[in-house]
file entry-v7.txt (compact mmCIF, C-alpha atoms)
# COMPACT_ATOMS: atom_id res chain seq x y z
CA MET A 1 0.00 0.00 0.00
CA THR A 2 3.00 2.29 0.52
CA ALA A 3 3.32 2.22 -3.29
CA LEU A 4 0.20 4.42 -3.34
CA LEU A 5 2.33 7.20 -1.88
CA LEU A 6 4.40 7.19 -5.08
CA VAL A 7 1.39 8.17 -7.19
CA PRO A 8 1.24 11.82 -5.94
CA LEU A 9 4.98 12.07 -6.59
CA LEU A 10 4.71 10.91 -10.20
CA VAL A 11 1.36 12.24 -11.45
CA PRO A 12 2.43 15.94 -11.36
CA PHE A 13 4.81 15.14 -14.25
CA LEU A 14 1.72 14.62 -16.42
CA ALA A 15 0.26 17.98 -15.43
CA PRO A 16 2.33 20.56 -17.41
CA PRO A 17 1.35 19.47 -20.97
CA LEU A 18 -2.29 19.17 -19.91
CA ALA A 19 -2.14 22.54 -18.16
CA ARG A 20 -0.66 24.20 -21.24
CA ARG A 21 -3.38 22.78 -23.46
CA ALA A 22 -6.10 23.72 -21.00
CA ALA A 23 -4.71 27.28 -20.81
CA ASP A 24 -4.89 27.47 -24.61
CA ARG A 25 -8.38 26.11 -24.98
CA LEU A 26 -10.48 26.97 -21.96
CA ALA A 27 -11.93 30.45 -21.43
CA PRO A 28 -9.09 32.29 -19.62
CA ALA A 29 -10.98 32.95 -16.39
CA THR A 30 -12.08 29.29 -16.20
CA ALA A 31 -8.57 28.09 -17.04
CA LEU A 32 -7.19 30.23 -14.24
CA TRP A 33 -9.46 28.57 -11.67
CA VAL A 34 -9.02 25.01 -12.96
CA LEU A 35 -5.22 25.25 -13.27
CA THR A 36 -4.71 26.91 -9.90
CA ALA A 37 -6.98 24.49 -8.04
CA SER A 38 -5.35 21.46 -9.66
CA ALA A 39 -1.81 22.77 -9.02
CA LEU A 40 -2.60 23.34 -5.35
CA ALA A 41 -4.21 19.89 -4.98
CA LEU A 42 -1.31 18.14 -6.74
CA ALA A 43 1.24 19.99 -4.62
CA GLY A 44 -0.70 19.24 -1.43
CA ALA A 45 -0.94 15.53 -2.24
CA CYS A 46 2.77 15.44 -3.05
CA VAL A 47 3.79 17.09 0.23
CA ALA A 48 1.46 14.80 2.22
CA ALA A 49 2.97 11.73 0.52
CA LEU A 50 6.51 12.90 1.28
CA GLY A 51 5.48 13.54 4.90
CA ALA A 52 4.06 10.01 5.24
CA LEU A 53 7.25 8.51 3.75
CA ILE A 54 9.38 10.48 6.22
CA LEU A 55 7.27 9.41 9.21
CA THR A 56 7.36 5.77 8.08
CA GLY A 57 11.15 5.95 8.02
CA LEU A 58 11.37 7.67 11.39
CA LEU A 59 9.06 5.21 13.10
CA THR A 60 11.28 2.28 12.10
CA LEU A 61 14.00 3.83 14.25
CA PRO A 62 13.74 2.63 17.88
CA ALA A 63 14.04 6.11 19.44
CA PHE A 64 11.17 7.50 17.38
CA ALA A 65 9.15 4.30 17.78
CA ALA A 66 9.32 4.83 21.56
CA LEU A 67 8.35 8.49 21.11
CA GLY A 68 5.38 7.43 18.97
CA GLU A 69 4.38 4.92 21.71
CA LEU A 70 4.67 1.98 19.33
CA VAL A 71 4.45 -1.33 21.15
CA HIS A 72 4.97 -3.45 18.02
CA PRO A 73 7.41 -2.74 15.23
CA LEU A 74 5.81 -0.76 12.39
CA ARG A 75 4.99 -3.07 9.50
CA THR A 76 6.60 -1.80 6.34
CA PRO A 77 6.53 -3.36 2.87
CA ALA A 78 10.30 -3.58 2.52
CA ASP A 79 12.55 -2.46 5.32
CA HIS A 80 15.60 -1.97 3.15
CA VAL A 81 13.92 0.70 0.99
CA VAL A 82 12.05 2.52 3.75
CA LEU A 83 15.03 4.33 5.24
CA PRO A 84 16.62 5.47 1.93
CA ALA A 85 13.18 6.61 0.74
CA ALA A 86 12.59 8.52 3.96
CA THR A 87 16.04 10.13 3.73
CA ALA A 88 15.45 11.19 0.14
CA ALA A 89 11.99 12.53 1.04
CA THR A 90 13.49 14.54 3.91
CA GLY A 91 16.05 16.05 1.57
CA VAL A 92 13.46 16.98 -1.04
CA LEU A 93 11.03 18.44 1.48
CA THR A 94 13.75 20.47 3.23
CA LEU A 95 14.94 21.87 -0.07
CA SER A 96 11.37 22.79 -1.08
CA ALA A 97 10.71 24.48 2.27
CA TRP A 98 13.97 26.41 1.97
CA THR A 99 13.30 27.71 -1.55
CA LEU A 100 9.71 28.53 -0.56
CA VAL A 101 10.75 30.58 2.47
CA ARG A 102 13.44 32.37 0.48
CA SER A 103 11.06 33.22 -2.34
CA ALA A 104 8.35 34.35 0.09
CA LEU A 105 10.76 36.66 1.94
CA ARG A 106 12.10 38.15 -1.28
CA GLN A 107 8.70 38.75 -2.74
CA THR A 108 7.32 40.28 0.42
CA ARG A 109 10.23 42.68 0.44
CA ALA A 110 9.79 43.61 -3.21
CA PHE A 111 6.07 44.09 -2.68
CA ARG A 112 6.62 46.31 0.40
CA THR A 113 9.10 48.49 -1.49
CA ALA A 114 6.68 48.88 -4.36
CA ARG A 115 3.85 49.81 -1.97
CA THR A 116 5.96 52.29 -0.02
CA GLN A 117 7.22 54.00 -3.16
CA ALA A 118 3.73 54.11 -4.67
CA GLY A 119 2.26 55.39 -1.40
CA ARG A 120 4.83 58.15 -1.09
CA ARG A 121 3.61 59.88 -4.22
CA PRO A 122 0.18 61.50 -4.50
CA ALA A 123 -1.81 59.46 -6.98
CA ALA A 124 -3.91 60.60 -9.89
CA GLY A 125 -6.82 58.21 -9.52
CA ASP A 126 -5.24 54.76 -9.22
CA LEU A 127 -2.25 55.62 -11.39
CA CYS A 128 1.28 55.82 -10.07
CA VAL A 129 3.77 57.07 -12.65
CA ILE A 130 7.46 56.40 -12.31
CA ASP A 131 9.79 58.65 -14.23
CA SER A 132 11.99 56.12 -15.97
CA PRO A 133 12.83 55.57 -19.64
CA HIS A 134 12.59 51.78 -19.15
CA PRO A 135 9.09 50.71 -20.29
CA ASP A 136 7.38 48.74 -17.55
CA ALA A 137 3.88 48.40 -16.13
CA TYR A 138 2.30 46.26 -13.46
CA ALA A 139 -0.69 45.99 -11.19
CA LEU A 140 0.07 46.62 -7.54
CA PRO A 141 -2.46 44.88 -5.28
CA GLY A 142 -3.23 46.15 -1.79
CA ARG A 143 -5.30 48.99 -0.41
CA PRO A 144 -5.94 50.97 -2.43
CA HIS A 145 -5.10 49.12 -5.64
CA ARG A 146 -2.58 50.88 -7.83
CA ILE A 147 -1.39 50.71 -11.40
CA VAL A 148 2.31 51.40 -11.68
CA VAL A 149 3.52 52.59 -15.09
CA THR A 150 6.81 54.12 -16.15
CA THR A 151 6.99 57.20 -18.36
CA GLY A 152 8.87 55.04 -20.86
CA MET A 153 5.79 52.86 -21.21
CA LEU A 154 3.36 55.80 -21.40
CA ARG A 155 5.40 57.34 -24.21
CA SER A 156 5.52 54.16 -26.29
CA LEU A 157 1.72 53.90 -26.46
CA GLY A 158 -1.00 56.01 -28.04
CA PRO A 159 -3.85 57.37 -25.89
CA ALA A 160 -6.27 54.55 -26.76
CA GLU A 161 -3.56 51.94 -26.19
CA ARG A 162 -2.83 53.44 -22.79
CA GLU A 163 -6.49 52.95 -21.91
CA ALA A 164 -6.20 49.29 -22.92
CA LEU A 165 -3.12 48.94 -20.71
CA PHE A 166 -4.90 50.56 -17.75
CA ALA A 167 -7.97 48.37 -18.28
CA HIS A 168 -5.70 45.31 -18.31
CA GLU A 169 -4.02 46.25 -15.02
CA ARG A 170 -7.33 47.19 -13.40
CA ALA A 171 -8.68 43.77 -14.35
CA HIS A 172 -5.74 42.12 -12.54
CA ASN A 173 -6.50 44.13 -9.43
CA ARG A 174 -10.27 43.74 -9.58
CA SER A 175 -10.14 39.97 -10.08
CA GLY A 176 -7.47 39.46 -7.42
CA HIS A 177 -5.08 37.71 -9.83
CA HIS A 178 -2.24 38.10 -7.35
CA TYR A 179 -3.88 35.41 -5.19
CA PHE A 180 -3.73 32.98 -8.13
CA LEU A 181 -0.11 33.88 -8.83
CA ALA A 182 0.81 33.39 -5.17
CA ALA A 183 -0.98 30.00 -5.14
CA ALA A 184 0.87 29.01 -8.32
CA GLU A 185 4.16 29.99 -6.71
CA LEU A 186 3.32 27.98 -3.59
CA ALA A 187 2.44 24.92 -5.68
CA ALA A 188 5.62 25.28 -7.76
CA HIS A 189 7.64 24.77 -4.59
CA GLY A 190 5.68 21.60 -3.78
CA HIS A 191 6.79 19.68 -6.86
CA PRO A 192 9.36 20.60 -9.55
CA ALA A 193 7.02 19.65 -12.43
CA LEU A 194 4.51 22.24 -11.19
CA ARG A 195 6.91 25.04 -12.17
CA ALA A 196 5.75 24.61 -15.76
CA THR A 197 2.16 24.72 -14.52
CA ARG A 198 2.99 27.99 -12.79
CA ASP A 199 3.88 29.48 -16.18
CA ALA A 200 0.57 28.26 -17.61
CA ILE A 201 -1.27 29.88 -14.69
CA ARG A 202 0.61 33.13 -15.25
CA LEU A 203 -0.39 33.07 -18.92
CA ALA A 204 -4.03 32.35 -18.01
CA ALA A 205 -4.03 35.38 -15.66
CA GLU A 206 -2.65 37.63 -18.41
CA ARG A 207 -5.17 36.25 -20.91
CA ALA A 208 -8.04 36.85 -18.50
CA ALA A 209 -6.90 40.47 -18.02
CA ASP A 210 -6.49 40.88 -21.81
CA GLU A 211 -10.04 39.71 -22.42
CA ALA A 212 -11.35 42.04 -19.73
CA ALA A 213 -9.40 44.94 -21.28
CA ALA A 214 -10.73 44.16 -24.76
CA GLU A 215 -14.21 44.19 -23.26
CA VAL A 216 -13.68 47.58 -21.60
CA VAL A 217 -12.12 49.36 -24.58
CA GLY A 218 -14.45 47.50 -26.95
CA ASP A 219 -11.69 46.66 -29.43
CA ARG A 220 -9.74 43.38 -29.49
CA ARG A 221 -7.33 44.56 -32.19
CA LEU A 222 -6.47 47.73 -30.25
CA THR A 223 -5.78 45.66 -27.14
CA ALA A 224 -3.57 43.33 -29.18
CA THR A 225 -1.53 46.17 -30.69
CA ALA A 226 -1.13 47.78 -27.26
CA ILE A 227 0.39 44.55 -25.95
CA ALA A 228 2.61 44.16 -29.02
CA ARG A 229 3.85 47.75 -28.88
CA ALA A 230 4.51 47.59 -25.14
CA ALA A 231 6.45 44.34 -25.52
CA LEU A 232 8.55 45.70 -28.38
CA ALA A 233 9.26 48.91 -26.49
CA GLY A 234 10.67 46.76 -23.69
CA GLN A 235 13.30 45.31 -26.02
CA ALA A 236 16.45 47.42 -25.81
CA SER A 237 16.86 47.66 -29.57
CA PRO A 238 15.75 45.70 -32.61
CA THR A 239 17.82 42.56 -32.33
CA THR A 240 19.93 41.63 -35.30
CA ARG A 241 18.71 38.13 -35.69
CA PRO A 242 21.14 35.43 -36.70
CA ALA A 243 19.78 33.40 -39.61
CA PHE A 244 19.41 30.22 -37.58
CA ALA A 245 17.28 31.73 -34.83
CA PRO A 246 13.93 29.99 -34.61
CA ALA A 247 11.05 32.01 -35.95
CA ALA A 248 8.53 30.05 -33.93
CA THR A 249 6.43 32.24 -31.72
CA THR A 250 6.29 30.35 -28.50
CA GLY A 251 6.55 33.12 -25.90
CA PRO A 252 3.54 34.23 -23.87
CA VAL A 253 3.21 37.65 -25.55
CA PRO A 254 2.60 36.43 -29.14
CA ARG A 255 0.17 33.83 -27.81
CA ARG A 256 -1.81 36.55 -26.06
CA VAL A 257 -1.77 38.75 -29.15
CA ALA A 258 -2.80 35.87 -31.41
CA ALA A 259 -5.62 34.90 -29.06
CA LEU A 260 -7.01 38.44 -29.22
CA LEU A 261 -6.81 38.57 -33.02
CA GLU A 262 -8.29 35.14 -33.72
CA PRO A 263 -12.04 34.87 -33.71
CA SER A 264 -13.00 33.07 -30.53
CA ARG A 265 -12.90 29.34 -30.94
CA GLY A 266 -15.88 27.28 -29.90
CA ARG A 267 -15.63 25.09 -26.86
CA SER A 268 -14.92 21.83 -28.63
CA ARG A 269 -14.97 18.28 -27.41
CA ALA A 270 -11.16 18.37 -27.28
CA THR A 271 -11.37 21.22 -24.77
CA ARG A 272 -13.61 19.23 -22.50
CA ARG A 273 -11.34 16.20 -22.83
CA THR A 274 -8.21 18.18 -21.88
CA ALA A 275 -9.90 19.72 -18.87
CA SER A 276 -11.33 16.37 -17.77
CA LEU A 277 -7.92 14.70 -18.09
CA LEU A 278 -6.35 17.34 -15.89
CA VAL A 279 -9.11 17.01 -13.31
CA ALA A 280 -8.84 13.20 -13.48
CA CYS A 281 -5.08 13.35 -12.84
CA THR A 282 -5.64 15.62 -9.88
CA VAL A 283 -8.37 13.43 -8.41
CA LEU A 284 -6.25 10.31 -8.93
CA SER A 285 -3.30 11.95 -7.20
CA VAL A 286 -5.32 13.20 -4.25
CA ALA A 287 -7.18 9.90 -3.87
CA ALA A 288 -3.97 7.84 -3.96
CA GLY A 289 -2.30 10.21 -1.54
CA THR A 290 -5.25 10.06 0.86
CA ALA A 291 -5.42 6.26 0.66
CA GLY A 292 -1.66 6.01 1.22
CA VAL A 293 -1.74 8.30 4.24
CA ALA A 294 -4.81 6.51 5.65
CA ASP A 295 -3.02 3.18 5.24
CA PHE A 296 0.04 4.58 7.00
CA HIS A 297 -2.15 5.83 9.85
CA HIS A 298 -3.80 2.43 10.12
CA ARG A 299 -0.41 0.70 10.38
CA VAL A 300 0.68 3.12 13.10
CA GLU A 301 -2.49 2.36 15.07
CA ILE A 302 -1.73 -1.35 14.77
CA ALA A 303 1.83 -0.81 15.94
CA GLN A 304 0.50 1.21 18.87
CA GLY A 305 -1.62 -1.83 19.76
CA GLU A 306 -4.82 0.16 19.38
CA GLU A 307 -6.10 -1.79 16.41
CA SER A 308 -5.79 -5.40 15.46
CA PRO A 309 -4.21 -6.13 12.09
CA MET B 1 -22.82 62.86 -28.38
CA THR B 2 -21.99 59.33 -29.49
CA ASP B 3 -22.08 56.23 -27.30
CA ALA B 4 -18.31 56.35 -26.79
CA ASP B 5 -18.54 59.96 -25.66
CA ALA B 6 -21.28 59.16 -23.19
CA ARG B 7 -19.15 56.30 -21.85
CA ASP B 8 -16.17 58.59 -21.33
CA GLU B 9 -18.22 61.14 -19.40
CA ARG B 10 -19.65 58.43 -17.16
CA ARG B 11 -16.32 56.86 -16.21
CA PRO B 12 -15.25 56.99 -12.54
CA ALA B 13 -13.36 60.16 -11.60
CA GLY B 14 -10.26 58.14 -10.68
CA GLU B 15 -10.01 56.65 -14.16
CA LEU B 16 -10.36 60.05 -15.80
CA GLU B 17 -7.65 61.47 -13.55
CA ALA B 18 -5.39 58.58 -14.50
CA ALA B 19 -6.02 59.15 -18.22
CA VAL B 20 -5.29 62.88 -17.97
CA MET B 21 -2.18 62.28 -15.88
CA ALA B 22 -0.91 59.71 -18.38
CA ALA B 23 -1.41 62.20 -21.23
CA LEU B 24 0.63 64.83 -19.36
CA TRP B 25 3.48 62.40 -18.69
CA ALA B 26 3.44 61.09 -22.24
CA ALA B 27 3.59 64.61 -23.70
CA GLY B 28 6.71 65.59 -21.78
CA ALA B 29 5.82 69.28 -22.14
CA PRO B 30 3.22 71.53 -20.45
CA LEU B 31 -0.26 71.07 -21.93
CA THR B 32 -3.30 73.34 -21.86
CA PRO B 33 -6.70 71.73 -21.16
CA GLY B 34 -7.48 72.01 -24.86
CA LEU B 35 -4.30 70.14 -25.83
CA VAL B 36 -4.98 67.44 -23.22
CA GLN B 37 -8.42 67.01 -24.73
CA THR B 38 -6.95 66.65 -28.23
CA GLU B 39 -4.24 64.30 -26.99
CA LEU B 40 -6.77 62.04 -25.28
CA GLY B 41 -8.83 61.98 -28.45
CA SER B 42 -11.81 60.87 -26.43
CA GLY B 43 -15.26 62.28 -25.95
CA LEU B 44 -14.41 64.32 -22.87
CA ALA B 45 -15.65 67.92 -22.85
CA ARG B 46 -12.94 70.57 -22.51
CA THR B 47 -14.56 71.79 -19.30
CA THR B 48 -14.39 68.27 -17.84
CA VAL B 49 -10.68 68.10 -18.68
CA ALA B 50 -10.15 71.54 -17.10
CA THR B 51 -11.95 70.42 -13.92
CA ILE B 52 -9.82 67.28 -13.68
CA LEU B 53 -6.62 69.33 -14.18
CA THR B 54 -7.66 71.77 -11.43
CA ARG B 55 -8.34 68.84 -9.10
CA LEU B 56 -4.95 67.27 -9.88
CA HIS B 57 -3.34 70.65 -9.25
CA GLU B 58 -5.06 70.93 -5.85
CA LYS B 59 -3.76 67.47 -4.97
CA GLY B 60 -0.25 68.64 -5.81
CA VAL B 61 0.27 66.02 -8.53
CA VAL B 62 0.61 68.57 -11.32
CA SER B 63 2.05 72.07 -11.52
CA ARG B 64 0.94 74.79 -13.89
CA GLU B 65 2.31 77.84 -15.60
CA ARG B 66 0.62 80.80 -17.24
CA GLN B 67 0.14 80.40 -20.94
CA GLY B 68 -1.83 83.09 -22.70
CA ARG B 69 -5.10 83.58 -20.87
CA GLY B 70 -5.08 80.17 -19.20
CA TYR B 71 -2.72 77.65 -17.71
CA ALA B 72 -0.56 74.87 -19.08
CA TYR B 73 -0.12 71.86 -16.82
CA PHE B 74 2.77 69.46 -16.28
CA PRO B 75 3.41 66.58 -13.85
CA VAL B 76 5.27 67.26 -10.59
CA GLN B 77 8.54 65.34 -10.66
CA ASP B 78 10.10 63.84 -7.58
CA ALA B 79 13.78 64.42 -6.85
CA PRO B 80 14.97 63.37 -10.31
CA GLY B 81 14.17 59.72 -10.81
CA LEU B 82 14.50 58.90 -7.10
CA THR B 83 11.40 56.72 -6.91
CA ALA B 84 12.32 55.05 -10.17
CA ARG B 85 15.81 54.19 -8.98
CA ARG B 86 14.61 52.85 -5.62
CA MET B 87 11.93 50.75 -7.20
CA HIS B 88 14.10 49.37 -9.98
CA SER B 89 16.99 48.54 -7.71
CA GLU B 90 14.71 46.65 -5.34
CA LEU B 91 12.59 44.91 -7.95
CA ASP B 92 15.26 44.06 -10.49
CA ARG B 93 17.20 42.11 -7.93
CA ASP B 94 14.52 39.47 -8.14
CA ALA B 95 14.45 37.49 -11.32
CA ASP B 96 11.10 36.05 -10.27
CA ARG B 97 9.32 39.23 -9.39
CA GLU B 98 6.54 38.54 -11.87
CA THR B 99 5.14 36.12 -9.37
CA VAL B 100 3.66 38.79 -7.11
CA LEU B 101 3.48 41.60 -9.60
CA ALA B 102 1.63 40.74 -12.78
CA ARG B 103 3.65 42.62 -15.38
CA PHE B 104 2.06 43.78 -18.57
CA VAL B 105 4.53 42.14 -20.93
CA ALA B 106 7.19 39.49 -20.56
CA GLN B 107 10.56 39.19 -22.27
CA LEU B 108 10.46 38.36 -25.96
CA SER B 109 12.41 35.79 -27.90
CA PRO B 110 13.77 36.88 -31.32
CA GLY B 111 10.96 34.92 -33.01
CA ASP B 112 8.36 36.65 -30.85
CA GLU B 113 9.81 40.02 -31.77
CA GLN B 114 9.65 39.34 -35.50
CA TYR B 115 6.04 38.18 -35.24
CA LEU B 116 5.01 41.31 -33.31
CA ARG B 117 6.81 43.66 -35.69
CA ARG B 118 5.09 42.05 -38.67
CA LEU B 119 1.77 42.48 -36.92
CA LEU B 120 2.30 46.17 -36.19
CA GLU B 121 3.62 46.90 -39.67
CA GLY B 122 0.59 45.23 -41.19
CA ASP B 123 -1.54 47.37 -38.93
CA GLU B 124 -0.06 50.66 -40.08
CA ARG B 125 -0.26 49.88 -43.77
call {"tool": "encode", "arguments": {"input": "entry-v7.txt", "output": "structure tokens"}}
result
Amino acid sequence: MTALLLVPLLVPFLAPPLARRAADRLAPATALWVLTASALALAGACVAALGALILTGLLTLPAFAALGELVHPLRTPADHVVLPAATAATGVLTLSAWTLVRSALRQTRAFRTARTQAGRRPAAGDLCVIDSPHPDAYALPGRPHRIVVTTGMLRSLGPAEREALFAHERAHNRSGHHYFLAAAELAAHGHPALRATRDAIRLAAERAADEAAAEVVGDRRLTATAIARAALAGQASPTTRPAFAPAATTGPVPRRVAALLEPSRGRSRATRRTASLLVACTVLSVAAGTAGVADFHHRVEIAQGEESP
Amino acid sequence: MTDADARDERRPAGELEAAVMAALWAAGAPLTPGLVQTELGSGLARTTVATILTRLHEKGVVSRERQGRGYAYFPVQDAPGLTARRMHSELDRDADRETVLARFVAQLSPGDEQYLRRLLEGDER
């Protein structure tokens, strides 16, 4: 039954391709919810499985067995793999916790700085302008919400395009996209394969804001050109492309632009299948993890003499 | 008044202030209410623009100078680029800052860049 604990460790590797396809096909706001919920569930199941493996290993050691009030030795499927597995799990979990704490501290600091700097200047509405030639723009959550834009960005866009940009950032703030991004970040530290899912979630959040902006300004093409112009302005200079550079447009920006320019695709059967596969993987992972942990708990109870085998 | 004009007049005051402020920053030179109105190219009445500019001036976000019979407005700068430097130095240290702050656009690959340039050129033709 301990083998069940391996399922939550392996299933997340299936998630990134499914997440990418779901992000492409589902309506952006739906994709954002589905992807974030599944990433959190997969990460949670993975951490729980690692925890159960670690405890299994610890309880085979006499000192910890005494601490856990075990009267019988804990039954394990194969004693010679339990300790190495527990050691590996400890290493992985420690590393994850360390990178998570470091990332959380860094991001809190960056966020505080941004808030302090934005708060120091009197705002015109929700807009905070930073005098810098480097084109940049982002939504700053918190109370009150702010849109931070550099003068470099304002000068690269026309008036209507600026409105599209503002509508995009306001949509991020209004829909609380920073919660989804934080959840994606949390999940990414739970399992390495979920880092790719984090990128899909980030894209879904941008797509959702793009759609909201197109709705507000009432022009999909205008929204698309605003994004394209802003992205190009961010490049230092037109790159002199070597002949062998791939011309494939795989980055998030062209995908957003293309999605705005294409007529909306119908929700096909393939869409439903992709979403169902992702949900099925998540359910499988959580179910296996729960069963594995329940089995572990049952074996501990037996070893404590509280239950008969 | 067209539908778009009516929509502009009905927008929340904060959004109008942001639009006017953005126009002033983008211009890089003092603008009269009439010029702001032209620059915005939206359905705002000149009087509405003038009211917003007066309000921004009262808040201390913009300064103004005499120009003819009226005023021309320009954004108040902080100690040159101070905020910008502080913010960039703090934020740029983190490669993964996008995770809390949803940025408008990400880095482009050369292929991405070519695709976007083609798109914009096609648009201007």
call {"tool": "closest_atom_pairs", "arguments": {"input": "entry-v7.txt", "of": "chain A", "to": "chain B", "cutoff": "7 Å", "atoms": "all atoms listed in the file", "output": "tab-separated table"}}
result
residue	atom	partner	partner_atom	distance
A:Gln107	CA	B:Val100	CA	6.7
A:Ala110	CA	B:Leu91	CA	5.7
A:Thr113	CA	B:Met87	CA	6.8
A:Ala114	CA	B:Met87	CA	6.3
A:Gln117	CA	B:Thr83	CA	6.2
A:Pro122	CA	B:Val61	CA	6.1
A:Ala124	CA	B:Ala18	CA	5.2
A:Gly125	CA	B:Gly14	CA	3.6
A:Asp126	CA	B:Gly14	CA	6.2
A:Leu127	CA	B:Ala18	CA	5.3
A:Ile130	CA	B:Ala84	CA	5.5
A:Asp131	CA	B:Gly81	CA	5.7
A:Ser132	CA	B:Ala84	CA	5.9
A:Ala137	CA	B:Phe104	CA	5.5
A:Tyr138	CA	B:Arg103	CA	4.3
A:Ala139	CA	B:Ala102	CA	6.0
A:Leu140	CA	B:Leu101	CA	6.4
A:Thr151	CA	B:Trp25	CA	6.3
A:Leu154	CA	B:Ala26	CA	5.4
A:Arg155	CA	B:Ala26	CA	4.7
A:Pro159	CA	B:Leu40	CA	5.5
A:His178	CA	B:Val100	CA	5.9
A:Leu181	CA	B:Thr99	CA	5.7
A:Ala182	CA	B:Val100	CA	6.4
A:Glu185	CA	B:Thr99	CA	6.8
A:Thr225	CA	B:Leu120	CA	6.7
A:Ile227	CA	B:Val105	CA	6.9
A:Ala228	CA	B:Leu116	CA	5.7
A:Ala230	CA	B:Val105	CA	6.9
A:Ala231	CA	B:Val105	CA	5.4
A:Leu232	CA	B:Glu113	CA	6.7
A:Arg241	CA	B:Pro110	CA	6.7
A:Pro246	CA	B:Gly111	CA	6.0
A:Ala247	CA	B:Gly111	CA	4.1
A:Ala248	CA	B:Gly111	CA	5.5
A:Thr249	CA	B:Asp112	CA	4.9
A:Gly251	CA	B:Asp112	CA	6.3
A:Val253	CA	B:Val105	CA	6.6
A:Pro254	CA	B:Asp112	CA	6.0
call {"tool": "closest_residue", "arguments": {"input": "entry-v7.txt", "among": "A:Val101, A:Ala88, A:Val7, A:Ala226", "to": "A:Gly289", "atoms": "only C-alpha atoms"}}
result
A:Val7
call {"tool": "closest_residue", "arguments": {"input": "entry-v7.txt", "among": "B:Pro33, B:Arg64, B:Thr38, B:Gly122", "to": "B:Ala50", "atoms": "all atoms listed in the file"}}
result
B:Pro33
call {"tool": "closest_residue", "arguments": {"input": "entry-v7.txt", "among": "A:Thr60, A:Ser96, A:Thr30, A:Thr36", "to": "A:Val300", "atoms": "all atoms listed in the file"}}
result
A:Thr60
call {"tool": "atom_distance", "arguments": {"input": "entry-v7.txt", "atom1": "atom CA of A:Phe13", "atom2": "atom CA of A:Pro192"}}
result
8.5 Å
call {"tool": "decode", "arguments": {"input": "entry-v7.txt", "residues": "stretch 272-285 of chain A", "atoms": "N, CA and C atoms", "output": "short mmCIF file (atom, residue, chain, number, x, y, z; two decimals), in the first residue's frame"}}
result
data_model
loop_
_atom_site.label_atom_id
_atom_site.label_comp_id
_atom_site.auth_asym_id
_atom_site.auth_seq_id
_atom_site.Cartn_x
_atom_site.Cartn_y
_atom_site.Cartn_z
N ARG A 272 -13.05 19.93 -23.66
CA ARG A 272 -13.61 19.23 -22.50
C ARG A 272 -12.71 18.07 -22.11
N ARG A 273 -12.16 17.36 -23.14
CA ARG A 273 -11.34 16.20 -22.83
C ARG A 273 -10.06 16.62 -22.09
N THR A 274 -9.43 17.71 -22.54
CA THR A 274 -8.21 18.18 -21.88
C THR A 274 -8.50 18.53 -20.43
N ALA A 275 -9.56 19.31 -20.23
CA ALA A 275 -9.90 19.72 -18.87
C ALA A 275 -10.21 18.51 -18.01
N SER A 276 -10.97 17.55 -18.56
CA SER A 276 -11.33 16.37 -17.77
C SER A 276 -10.10 15.55 -17.42
N LEU A 277 -9.15 15.45 -18.36
CA LEU A 277 -7.92 14.70 -18.09
C LEU A 277 -7.15 15.32 -16.93
N LEU A 278 -7.07 16.65 -16.95
CA LEU A 278 -6.35 17.34 -15.89
C LEU A 278 -7.03 17.12 -14.54
N VAL A 279 -8.36 17.23 -14.55
CA VAL A 279 -9.11 17.01 -13.31
C VAL A 279 -8.95 15.57 -12.86
N ALA A 280 -8.98 14.61 -13.82
CA ALA A 280 -8.84 13.20 -13.48
C ALA A 280 -7.48 12.93 -12.84
N CYS A 281 -6.42 13.51 -13.41
CA CYS A 281 -5.08 13.35 -12.84
C CYS A 281 -5.04 13.86 -11.41
N THR A 282 -5.65 15.02 -11.21
CA THR A 282 -5.64 15.62 -9.88
C THR A 282 -6.39 14.75 -8.89
N VAL A 283 -7.57 14.27 -9.29
CA VAL A 283 -8.37 13.43 -8.41
C VAL A 283 -7.62 12.15 -8.08
N LEU A 284 -7.01 11.54 -9.12
CA LEU A 284 -6.25 10.31 -8.93
C LEU A 284 -5.14 10.53 -7.90
N SER A 285 -4.42 11.65 -8.08
CA SER A 285 -3.30 11.95 -7.20
C SER A 285 -3.76 12.14 -5.75
#
